[in-house]
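See structure below.
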Amino acid sequence: MRKMKDLLVCGVDDGYFPLSYKGRRGKTVLLSVMMSEYKLVNVDFSFITVDGDDCTDALIQITSGCDIILLDGVIFGGFNYISVNDIKNGGYVIFYSHKPNLTEIFRALNKHFSYDEKRINSIINVLSNLVELPTKRGEVFVYSNLDKVIVKSLIEKYQLFSKIPYPLFISHELASSLSRFLLASF
């Protein structure tokens, strides 16, 4: 792997959507910001179906060229999800600032998606294998295909203002703003 300072790191988050979009009745934004060190070098986005299953394809499309992908969780756009087994284009870190409530998530998945074993297994596999990681800004929870030492170093490098790594903060702000702008335009 290249030196940390030479890596292109992408932060990925989804945008806002109204509750009426639940059940595949609408789309929201999945947005990636690419950073070299602390410099924003690219922004890309796609649309994902709320509660759909197109998130992994959208992720692969918008993170081309990224060395490491920082994801704000494994679930996006309601219960759309990332299938980590399908990420072939580099390293990834699924990040949670707080431990998710696995019982509540499992209950909701079984209530709304009992027919979809792939969705349930993909989400539960990640959430039940999160690793607690102490950082300079407090405990975080991660799932990654990278070595834990690299993950900790990467997260701490980008914890500029809070527990949330800066690429995730920026992707959250941009995805939320873009999705609200697009909703207001139609």
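Naming scheme: A, B, ... for chains in displayed order of the structure tokens; residues 1 onward per chain; ligands 1 onward as shown.
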Problem set entry | Which of chain A fall in helix (DSSP H, G or I), as a VMD selection string | chain A and resid 4 to 6 19 to 21 55 to 62 84 to 86 102 to 113 117 to 128 148 to 158 166 to 185
For this session: Taking the chain letters and numbering used in this document, name the residues of stretch 51-109 of chain A that DSSP puts in strand (DSSP E), as JSON, numbers by chain.
Result: {"A": [68, 69, 70, 71, 75, 76, 80, 81, 91, 92, 93, 94, 95, 96]}
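When only C-alpha atoms are used to compute distances to A:Thr28, the closest of the residues A:Ser179, A:Ser185, A:Gln159, A:Ser144 turns out to be A:Ser179.
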Problem set entry | Surrounding residues of A:Leu133 excluding itself and chain neighbours under 2 positions, 12 Å, only C-alpha atoms, as number ranges by chain | A: 95-99, 130-131, 135-144, 148-156, 163
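Distances here use only C-alpha atoms; by that measure, the residue among A:Ala175, A:Val50, A:Leu183, A:Leu70 closest to A:Leu19 is A:Val50.
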Problem set entry | Polymer residues at most 10 Å from A:Met4, only C-alpha atoms, same-chain spacing of 3 or more positions, as a ChimeraX atom specification | /A:1,7-9,36-37,150,153-154,157
For this session: Can you pull out every residue within 8 Å of A:Asp51, counting only C-alpha atoms, but drop anything in the same chain fewer than 5 positions away, and send it as an MDAnalysis selection string?
Result: chainID A and resid 22:24 77:80
For this session: Show which residues sit within 12 Å of A:Val84, as a list in words. Count only C-alpha atoms, and ignore same-chain residues fewer than 5 positions away.
Result: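 In the requested format, the answer is Cys55, Thr56, Asp57, Leu59, Ile60, Ile69, Leu71, Gly73, Val74, Ile75, Asn89, Gly90, Gly91, Tyr92, Val93, Ile94, Lys118, Arg119, Asn121, Ser122, Ile123, Ile124, Asn125, Val126, Leu127, Tyr143, Ser144 and Asn145 of chain A.
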Exercise. Which residues come within 8 Å of A:Val12, counting only C-alpha atoms, excluding same-chain residues fewer than 4 positions away, as an NGL selection string?
Worked result: :A and (30-33 or 69-72 or 167-168 or 171-172)
Problem set entry | Given only C-alpha atoms as the counted atoms, nearest of A:Phe169, A:Tyr115, A:Tyr158, A:Tyr38 to A:Asp14 | A:Phe169
For this session: Have a look at atom CA of A:Thr49 and atom CA of A:Asn101 and let me know their distance in Å, one decimal.
Result: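 A separation of 23.6 Å between them.
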Problem set entry | Distance criterion (only C-alpha atoms): nearest to A:Asp44 out of A:Ile68, A:Cys10, A:Phe17, A:Asn129 |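 Comparing A:Ile68, A:Cys10, A:Phe17, A:Asn129 against A:Asp44, the winner is A:Cys10.
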Exercise. Quick one, how far is atom CA of A:Arg180 from atom CA of A:Tyr16?
Worked result: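 We find that atom CA of A:Arg180 and atom CA of A:Tyr16 lie 6.5 Å from each other.
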